[in-house]
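Peer 1: So I've got this file, start-v8.cif, and it contains mmCIF, C-alpha atoms:
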```cif
data_run
loop_
_atom_site.label_atom_id
_atom_site.label_comp_id
_atom_site.auth_asym_id
_atom_site.auth_seq_id
_atom_site.Cartn_x
_atom_site.Cartn_y
_atom_site.Cartn_z
CA MET A 1 161.87 -36.77 50.54
CA THR A 2 159.73 -39.51 48.99
CA LYS A 3 157.66 -41.72 51.29
CA ALA A 4 158.85 -45.30 51.68
CA LEU A 5 156.22 -48.00 51.20
CA SER A 6 154.99 -50.27 53.99
CA GLU A 7 155.62 -54.00 53.74
CA ALA A 8 151.95 -54.54 52.84
CA GLU A 9 152.15 -51.95 50.08
CA ILE A 10 155.27 -53.60 48.68
CA SER A 11 153.70 -57.07 48.69
CA GLY A 12 150.53 -55.78 47.08
CA GLY A 13 152.51 -53.88 44.46
CA LEU A 14 154.74 -56.83 43.60
CA ALA A 15 151.69 -59.03 43.07
CA ARG A 16 150.43 -56.60 40.42
CA LEU A 17 153.73 -56.62 38.50
CA ASN A 18 154.94 -59.25 36.02
CA LYS A 19 157.71 -61.32 37.62
CA TRP A 20 159.60 -58.55 39.38
CA THR A 21 161.33 -59.71 42.52
CA ARG A 22 162.46 -57.93 45.63
CA ASP A 23 166.10 -57.98 46.66
CA GLY A 24 166.10 -56.15 49.98
CA GLU A 25 165.10 -52.59 49.13
CA VAL A 26 165.55 -53.04 45.40
CA LEU A 27 162.99 -54.12 42.79
CA VAL A 28 164.71 -56.37 40.23
CA LYS A 29 163.83 -58.09 36.96
CA GLU A 30 166.02 -59.95 34.52
CA PHE A 31 165.08 -59.92 30.84
CA THR A 32 166.48 -62.30 28.25
CA PHE A 33 166.75 -61.73 24.51
CA ASP A 34 167.49 -63.56 21.29
CA SER A 35 170.45 -61.34 20.48
CA TYR A 36 172.91 -59.01 22.14
CA LEU A 37 171.65 -55.96 20.27
CA ALA A 38 168.05 -56.70 21.22
CA GLY A 39 169.13 -56.42 24.86
CA VAL A 40 171.01 -53.20 24.18
CA ALA A 41 167.98 -51.72 22.41
CA PHE A 42 165.77 -52.73 25.32
CA ALA A 43 168.08 -51.00 27.79
CA SER A 44 167.86 -47.87 25.65
CA SER A 45 164.08 -48.01 25.72
CA VAL A 46 164.07 -48.45 29.48
CA GLY A 47 166.39 -45.46 29.77
CA VAL A 48 164.05 -43.22 27.81
CA VAL A 49 161.03 -44.34 29.83
CA ALA A 50 162.97 -43.80 33.05
CA GLU A 51 163.99 -40.32 31.99
CA GLY A 52 160.34 -39.50 31.28
CA LEU A 53 159.41 -40.62 34.79
CA ASN A 54 162.52 -38.99 36.28
CA HIS A 55 163.15 -42.30 38.04
CA HIS A 56 166.28 -44.04 36.85
CA PRO A 57 167.16 -47.71 37.30
CA ASP A 58 170.56 -49.29 37.49
CA MET A 59 170.93 -51.75 34.62
CA THR A 60 173.40 -54.45 33.79
CA ILE A 61 173.77 -55.54 30.19
CA GLY A 62 175.18 -59.00 29.60
CA TYR A 63 175.08 -61.31 26.62
CA ARG A 64 171.40 -61.46 25.61
CA GLN A 65 170.41 -60.49 29.13
CA VAL A 66 169.55 -57.20 30.86
CA THR A 67 168.81 -56.74 34.55
CA VAL A 68 166.83 -53.68 35.65
CA SER A 69 166.93 -52.55 39.30
CA PHE A 70 164.88 -49.79 40.91
CA THR A 71 165.14 -48.25 44.33
CA THR A 72 164.37 -44.76 45.64
CA HIS A 73 167.40 -42.85 46.82
CA ASP A 74 165.40 -39.95 48.22
CA ALA A 75 163.26 -42.35 50.26
CA GLY A 76 166.44 -43.37 52.11
CA ASN A 77 167.23 -46.07 49.54
CA LYS A 78 163.96 -47.80 50.25
CA LEU A 79 161.14 -48.84 47.95
CA SER A 80 158.54 -46.21 47.07
CA ALA A 81 155.50 -45.96 44.83
CA ASN A 82 157.88 -44.54 42.19
CA ASP A 83 159.62 -47.92 41.94
CA LEU A 84 156.36 -49.77 41.39
CA ALA A 85 155.21 -47.24 38.80
CA ALA A 86 158.52 -47.37 36.93
CA ALA A 87 158.54 -51.19 36.96
CA ALA A 88 155.02 -51.19 35.52
CA ALA A 89 156.15 -48.75 32.82
CA VAL A 90 159.03 -51.08 31.91
CA ASP A 91 156.62 -54.01 31.68
CA ALA A 92 154.41 -51.89 29.44
CA LEU A 93 157.25 -51.83 26.89
CA GLY A 94 156.16 -55.40 26.18
CA TYR A 95 159.50 -57.24 26.42
CA PRO A 96 160.35 -59.97 25.85
CA LYS A 97 158.60 -59.89 22.50
CA MET B 1 189.61 -71.20 21.30
CA THR B 2 191.16 -67.72 21.41
CA LYS B 3 194.73 -67.36 22.68
CA ALA B 4 195.12 -65.73 26.10
CA LEU B 5 197.65 -62.90 26.32
CA SER B 6 200.87 -63.11 28.32
CA GLU B 7 201.36 -60.76 31.26
CA ALA B 8 203.78 -58.69 29.18
CA GLU B 9 201.27 -58.41 26.36
CA ILE B 10 198.57 -57.29 28.80
CA SER B 11 200.82 -54.64 30.38
CA GLY B 12 201.88 -53.35 27.00
CA GLY B 13 198.31 -53.27 25.76
CA LEU B 14 197.02 -51.44 28.82
CA ALA B 15 199.68 -48.78 28.42
CA ARG B 16 198.39 -48.04 24.92
CA LEU B 17 194.76 -47.63 26.09
CA ASN B 18 193.19 -44.56 27.69
CA LYS B 19 192.62 -45.20 31.42
CA TRP B 20 191.39 -48.77 31.21
CA THR B 21 192.24 -50.81 34.27
CA ARG B 22 192.66 -54.50 34.87
CA ASP B 23 190.48 -56.29 37.40
CA GLY B 24 191.84 -59.82 37.39
CA GLU B 25 191.05 -61.17 33.93
CA VAL B 26 188.69 -58.34 33.05
CA LEU B 27 189.45 -55.04 31.34
CA VAL B 28 187.34 -52.29 32.93
CA LYS B 29 186.63 -48.60 32.39
CA GLU B 30 184.11 -46.31 34.03
CA PHE B 31 182.68 -43.44 32.01
CA THR B 32 180.82 -40.50 33.52
CA PHE B 33 178.29 -38.26 31.80
CA ASP B 34 176.42 -35.00 32.28
CA SER B 35 173.03 -36.72 32.08
CA TYR B 36 171.43 -40.12 32.48
CA LEU B 37 170.40 -40.32 28.84
CA ALA B 38 173.90 -39.46 27.66
CA GLY B 39 175.11 -42.56 29.50
CA VAL B 40 172.32 -44.67 28.02
CA ALA B 41 173.17 -43.44 24.52
CA PHE B 42 176.84 -44.22 25.10
CA ALA B 43 175.98 -47.78 26.17
CA SER B 44 173.97 -48.16 22.96
CA SER B 45 176.94 -46.99 20.90
CA VAL B 46 179.26 -49.40 22.68
CA GLY B 47 176.77 -52.18 22.00
CA VAL B 48 176.74 -51.50 18.27
CA VAL B 49 180.54 -51.34 18.12
CA ALA B 50 180.77 -54.56 20.12
CA GLU B 51 178.35 -56.31 17.80
CA GLY B 52 180.46 -55.23 14.83
CA LEU B 53 183.54 -56.75 16.46
CA ASN B 54 181.55 -59.76 17.68
CA HIS B 55 183.07 -59.14 21.10
CA HIS B 56 180.52 -58.12 23.70
CA PRO B 57 181.21 -56.39 27.01
CA ASP B 58 179.21 -56.54 30.17
CA MET B 59 177.99 -53.04 31.01
CA THR B 60 176.44 -51.47 34.06
CA ILE B 61 174.40 -48.32 33.64
CA GLY B 62 174.01 -46.13 36.70
CA TYR B 63 173.05 -42.52 37.13
CA ARG B 64 175.31 -40.60 34.72
CA GLN B 65 177.82 -43.44 34.83
CA VAL B 66 178.49 -46.49 32.65
CA THR B 67 181.06 -49.21 33.34
CA VAL B 68 182.28 -51.34 30.44
CA SER B 69 183.99 -54.70 31.12
CA PHE B 70 185.66 -56.97 28.58
CA THR B 71 186.97 -60.49 28.97
CA THR B 72 187.28 -63.39 26.54
CA HIS B 73 185.08 -66.34 27.39
CA ASP B 74 186.54 -68.58 24.70
CA ALA B 75 190.05 -67.90 25.98
CA GLY B 76 189.02 -69.51 29.27
CA ASN B 77 187.73 -66.21 30.66
CA LYS B 78 191.15 -64.65 30.27
CA LEU B 79 192.27 -61.51 28.49
CA SER B 80 192.96 -61.77 24.76
CA ALA B 81 193.88 -59.41 21.95
CA ASN B 82 190.14 -59.12 21.28
CA ASP B 83 189.69 -57.33 24.61
CA LEU B 84 192.40 -54.79 23.83
CA ALA B 85 191.01 -54.21 20.34
CA ALA B 86 187.47 -53.76 21.63
CA ALA B 87 188.59 -51.37 24.37
CA ALA B 88 190.44 -49.30 21.79
CA ALA B 89 187.30 -49.24 19.64
CA VAL B 90 185.27 -47.98 22.60
CA ASP B 91 187.85 -45.24 23.23
CA ALA B 92 187.60 -44.33 19.55
CA LEU B 93 183.95 -43.37 20.16
CA GLY B 94 185.42 -40.29 21.80
CA TYR B 95 183.59 -40.29 25.14
CA PRO B 96 183.42 -38.41 27.36
CA LYS B 97 182.79 -35.54 24.98
#
```
Can the structure from this file be put into structure tokens for me?

Peer 2:
Amino acid sequence: MTKALSEAEISGGLARLNKWTRDGEVLVKEFTFDSYLAGVAFASSVGVVAEGLNHHPDMTIGYRQVTVSFTTHDAGNKLSANDLAAAAAVDALGYPK
Amino acid sequence: MTKALSEAEISGGLARLNKWTRDGEVLVKEFTFDSYLAGVAFASSVGVVAEGLNHHPDMTIGYRQVTVSFTTHDAGNKLSANDLAAAAAVDALGYPK
């Protein structure tokens, strides 16, 4: 079981991220791209980073747009430090270029 | 403007595809995988095929599961022959292995 974050920890964590938003117990960010394949390539990169962290987001791929959503299933589907760390790792990919 | 299919054309087309279903005016199929990265790689492959056909699906990537959805925006968000052709091209990728 992973420990769920307190409200204060979530607020503090969100403030340190780049434009992630909270949707209930899910951390969400929408990325836009100049082309469809750029979005697909981004989703691939996120997948590899997520695998390395063993913390996997849901993603939706639309036309020139990818949404990444993190939550922690083994924290009772609540937000944990793993979500904040994974979101920061996605930001570190440096998209959008 | 792309021509929307008739109901008979949709039924006939669905019967020729492998386990695609119709959700209103969207053609949908869920693929499952042995690993998260296998799903991510599949989504990448679908993206490249879609780009080649210039007909792009929405996709959702979950844990070991990818859903692919086709509709035709320039047929008034209805199903067209392009959706059937793209679905067949996705099936031709041969997943799941």

Peer 1: Which neighbours of Leu17 of chain B fall inside 12 Å, counting all atoms listed in the file, when residues of the same chain fewer than 6 positions from it are skipped, and could you give them as number ranges by chain?

Peer 2: B: 10-11, 27-29, 83-92

Peer 1: Distance cut-off 12 Å, counting only C-alpha atoms - which residues of chain A neighbour chain B? Return them as a ChimeraX atom specification.

Peer 2: /A:35-52,54-71,73

Peer 1: Can you provide chain A as a PDB file with C-alpha atoms, keeping the file's coordinate frame, superposed onto chain B by least squares across all C-alpha atoms matched in order?

Peer 2:
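And here is the file that came out, out.pdb:
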```pdb
ATOM      1  CA  MET A   1     189.624 -71.201  21.287  1.00  0.00           C
ATOM      2  CA  THR A   2     191.170 -67.725  21.406  1.00  0.00           C
ATOM      3  CA  LYS A   3     194.729 -67.361  22.693  1.00  0.00           C
ATOM      4  CA  ALA A   4     195.115 -65.734  26.097  1.00  0.00           C
ATOM      5  CA  LEU A   5     197.640 -62.904  26.323  1.00  0.00           C
ATOM      6  CA  SER A   6     200.862 -63.103  28.330  1.00  0.00           C
ATOM      7  CA  GLU A   7     201.349 -60.757  31.268  1.00  0.00           C
ATOM      8  CA  ALA A   8     203.778 -58.679  29.181  1.00  0.00           C
ATOM      9  CA  GLU A   9     201.261 -58.397  26.362  1.00  0.00           C
ATOM     10  CA  ILE A  10     198.571 -57.281  28.799  1.00  0.00           C
ATOM     11  CA  SER A  11     200.803 -54.630  30.381  1.00  0.00           C
ATOM     12  CA  GLY A  12     201.897 -53.348  26.995  1.00  0.00           C
ATOM     13  CA  GLY A  13     198.313 -53.261  25.754  1.00  0.00           C
ATOM     14  CA  LEU A  14     196.999 -51.446  28.819  1.00  0.00           C
ATOM     15  CA  ALA A  15     199.665 -48.770  28.425  1.00  0.00           C
ATOM     16  CA  ARG A  16     198.369 -48.031  24.919  1.00  0.00           C
ATOM     17  CA  LEU A  17     194.757 -47.625  26.089  1.00  0.00           C
ATOM     18  CA  ASN A  18     193.187 -44.549  27.702  1.00  0.00           C
ATOM     19  CA  LYS A  19     192.622 -45.212  31.411  1.00  0.00           C
ATOM     20  CA  TRP A  20     191.379 -48.784  31.208  1.00  0.00           C
ATOM     21  CA  THR A  21     192.224 -50.815  34.267  1.00  0.00           C
ATOM     22  CA  ARG A  22     192.633 -54.502  34.862  1.00  0.00           C
ATOM     23  CA  ASP A  23     190.477 -56.291  37.404  1.00  0.00           C
ATOM     24  CA  GLY A  24     191.851 -59.824  37.393  1.00  0.00           C
ATOM     25  CA  GLU A  25     191.061 -61.165  33.933  1.00  0.00           C
ATOM     26  CA  VAL A  26     188.697 -58.344  33.056  1.00  0.00           C
ATOM     27  CA  LEU A  27     189.455 -55.031  31.329  1.00  0.00           C
ATOM     28  CA  VAL A  28     187.338 -52.289  32.932  1.00  0.00           C
ATOM     29  CA  LYS A  29     186.629 -48.599  32.376  1.00  0.00           C
ATOM     30  CA  GLU A  30     184.108 -46.329  34.020  1.00  0.00           C
ATOM     31  CA  PHE A  31     182.687 -43.433  32.015  1.00  0.00           C
ATOM     32  CA  THR A  32     180.834 -40.492  33.515  1.00  0.00           C
ATOM     33  CA  PHE A  33     178.298 -38.253  31.800  1.00  0.00           C
ATOM     34  CA  ASP A  34     176.419 -35.012  32.278  1.00  0.00           C
ATOM     35  CA  SER A  35     173.041 -36.714  32.082  1.00  0.00           C
ATOM     36  CA  TYR A  36     171.438 -40.106  32.484  1.00  0.00           C
ATOM     37  CA  LEU A  37     170.407 -40.317  28.840  1.00  0.00           C
ATOM     38  CA  ALA A  38     173.912 -39.459  27.661  1.00  0.00           C
ATOM     39  CA  GLY A  39     175.112 -42.564  29.509  1.00  0.00           C
ATOM     40  CA  VAL A  40     172.332 -44.669  28.023  1.00  0.00           C
ATOM     41  CA  ALA A  41     173.172 -43.434  24.520  1.00  0.00           C
ATOM     42  CA  PHE A  42     176.833 -44.223  25.104  1.00  0.00           C
ATOM     43  CA  ALA A  43     175.991 -47.772  26.167  1.00  0.00           C
ATOM     44  CA  SER A  44     173.990 -48.150  22.961  1.00  0.00           C
ATOM     45  CA  SER A  45     176.945 -46.987  20.904  1.00  0.00           C
ATOM     46  CA  VAL A  46     179.256 -49.399  22.684  1.00  0.00           C
ATOM     47  CA  GLY A  47     176.771 -52.185  21.997  1.00  0.00           C
ATOM     48  CA  VAL A  48     176.750 -51.499  18.273  1.00  0.00           C
ATOM     49  CA  VAL A  49     180.546 -51.340  18.121  1.00  0.00           C
ATOM     50  CA  ALA A  50     180.772 -54.564  20.115  1.00  0.00           C
ATOM     51  CA  GLU A  51     178.349 -56.305  17.797  1.00  0.00           C
ATOM     52  CA  GLY A  52     180.468 -55.228  14.823  1.00  0.00           C
ATOM     53  CA  LEU A  53     183.537 -56.759  16.461  1.00  0.00           C
ATOM     54  CA  ASN A  54     181.549 -59.780  17.673  1.00  0.00           C
ATOM     55  CA  HIS A  55     183.072 -59.138  21.097  1.00  0.00           C
ATOM     56  CA  HIS A  56     180.524 -58.119  23.686  1.00  0.00           C
ATOM     57  CA  PRO A  57     181.207 -56.386  26.999  1.00  0.00           C
ATOM     58  CA  ASP A  58     179.203 -56.536  30.170  1.00  0.00           C
ATOM     59  CA  MET A  59     177.995 -53.038  31.023  1.00  0.00           C
ATOM     60  CA  THR A  60     176.441 -51.474  34.060  1.00  0.00           C
ATOM     61  CA  ILE A  61     174.404 -48.318  33.646  1.00  0.00           C
ATOM     62  CA  GLY A  62     174.021 -46.130  36.708  1.00  0.00           C
ATOM     63  CA  TYR A  63     173.062 -42.508  37.138  1.00  0.00           C
ATOM     64  CA  ARG A  64     175.319 -40.595  34.724  1.00  0.00           C
ATOM     65  CA  GLN A  65     177.817 -43.434  34.834  1.00  0.00           C
ATOM     66  CA  VAL A  66     178.492 -46.494  32.658  1.00  0.00           C
ATOM     67  CA  THR A  67     181.050 -49.207  33.344  1.00  0.00           C
ATOM     68  CA  VAL A  68     182.280 -51.338  30.439  1.00  0.00           C
ATOM     69  CA  SER A  69     183.977 -54.695  31.115  1.00  0.00           C
ATOM     70  CA  PHE A  70     185.645 -56.980  28.584  1.00  0.00           C
ATOM     71  CA  THR A  71     186.965 -60.479  28.969  1.00  0.00           C
ATOM     72  CA  THR A  72     187.269 -63.392  26.537  1.00  0.00           C
ATOM     73  CA  HIS A  73     185.080 -66.344  27.382  1.00  0.00           C
ATOM     74  CA  ASP A  74     186.547 -68.582  24.697  1.00  0.00           C
ATOM     75  CA  ALA A  75     190.066 -67.892  25.977  1.00  0.00           C
ATOM     76  CA  GLY A  76     189.022 -69.519  29.269  1.00  0.00           C
ATOM     77  CA  ASN A  77     187.739 -66.209  30.654  1.00  0.00           C
ATOM     78  CA  LYS A  78     191.149 -64.652  30.281  1.00  0.00           C
ATOM     79  CA  LEU A  79     192.273 -61.509  28.497  1.00  0.00           C
ATOM     80  CA  SER A  80     192.958 -61.766  24.766  1.00  0.00           C
ATOM     81  CA  ALA A  81     193.899 -59.415  21.954  1.00  0.00           C
ATOM     82  CA  ASN A  82     190.142 -59.129  21.279  1.00  0.00           C
ATOM     83  CA  ASP A  83     189.681 -57.334  24.608  1.00  0.00           C
ATOM     84  CA  LEU A  84     192.391 -54.802  23.834  1.00  0.00           C
ATOM     85  CA  ALA A  85     191.015 -54.202  20.344  1.00  0.00           C
ATOM     86  CA  ALA A  86     187.458 -53.765  21.618  1.00  0.00           C
ATOM     87  CA  ALA A  87     188.596 -51.381  24.377  1.00  0.00           C
ATOM     88  CA  ALA A  88     190.439 -49.303  21.780  1.00  0.00           C
ATOM     89  CA  ALA A  89     187.294 -49.245  19.629  1.00  0.00           C
ATOM     90  CA  VAL A  90     185.273 -47.980  22.606  1.00  0.00           C
ATOM     91  CA  ASP A  91     187.843 -45.248  23.222  1.00  0.00           C
ATOM     92  CA  ALA A  92     187.597 -44.325  19.550  1.00  0.00           C
ATOM     93  CA  LEU A  93     183.948 -43.381  20.151  1.00  0.00           C
ATOM     94  CA  GLY A  94     185.428 -40.295  21.800  1.00  0.00           C
ATOM     95  CA  TYR A  95     183.575 -40.299  25.142  1.00  0.00           C
ATOM     96  CA  PRO A  96     183.412 -38.420  27.365  1.00  0.00           C
ATOM     97  CA  LYS A  97     182.782 -35.550  24.986  1.00  0.00           C
TER      98      LYS A  97
END
```

Peer 1: Any idea what the distance is between atom CA of Ser6 of chain A and atom CA of Leu79 of chain A?

Peer 2: 8.7 Å

Peer 1: One number please: atom CA of Asn18 of chain B to atom CA of Phe31 of chain B, in Å, one decimal.

Peer 2: 11.4 Å

Peer 1: Atom CA of Leu14 of chain B and atom CA of Pro96 of chain B, how far apart in Å?

Peer 2: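 We find that atom CA of Pro96 of chain B and atom CA of Leu14 of chain B lie 18.9 Å from each other.
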
Peer 1: Using all atoms listed in the file, which of B:Glu25, B:Gly13, B:Leu93, B:Thr32 sits nearest Thr72 of chain B?

Peer 2: B:Glu25

Peer 1: Work out where the centre of an axis-aligned box around every listed atom of segment 41-45 of chain A lies and how long its edges are once 6 Å is added on each side; give both in Å to one decimal as JSON.

Peer 2:
```
{"center_x": 166.1, "center_y": -50.3, "center_z": 25.1, "size_x": 16.0, "size_y": 16.9, "size_z": 17.4}
```
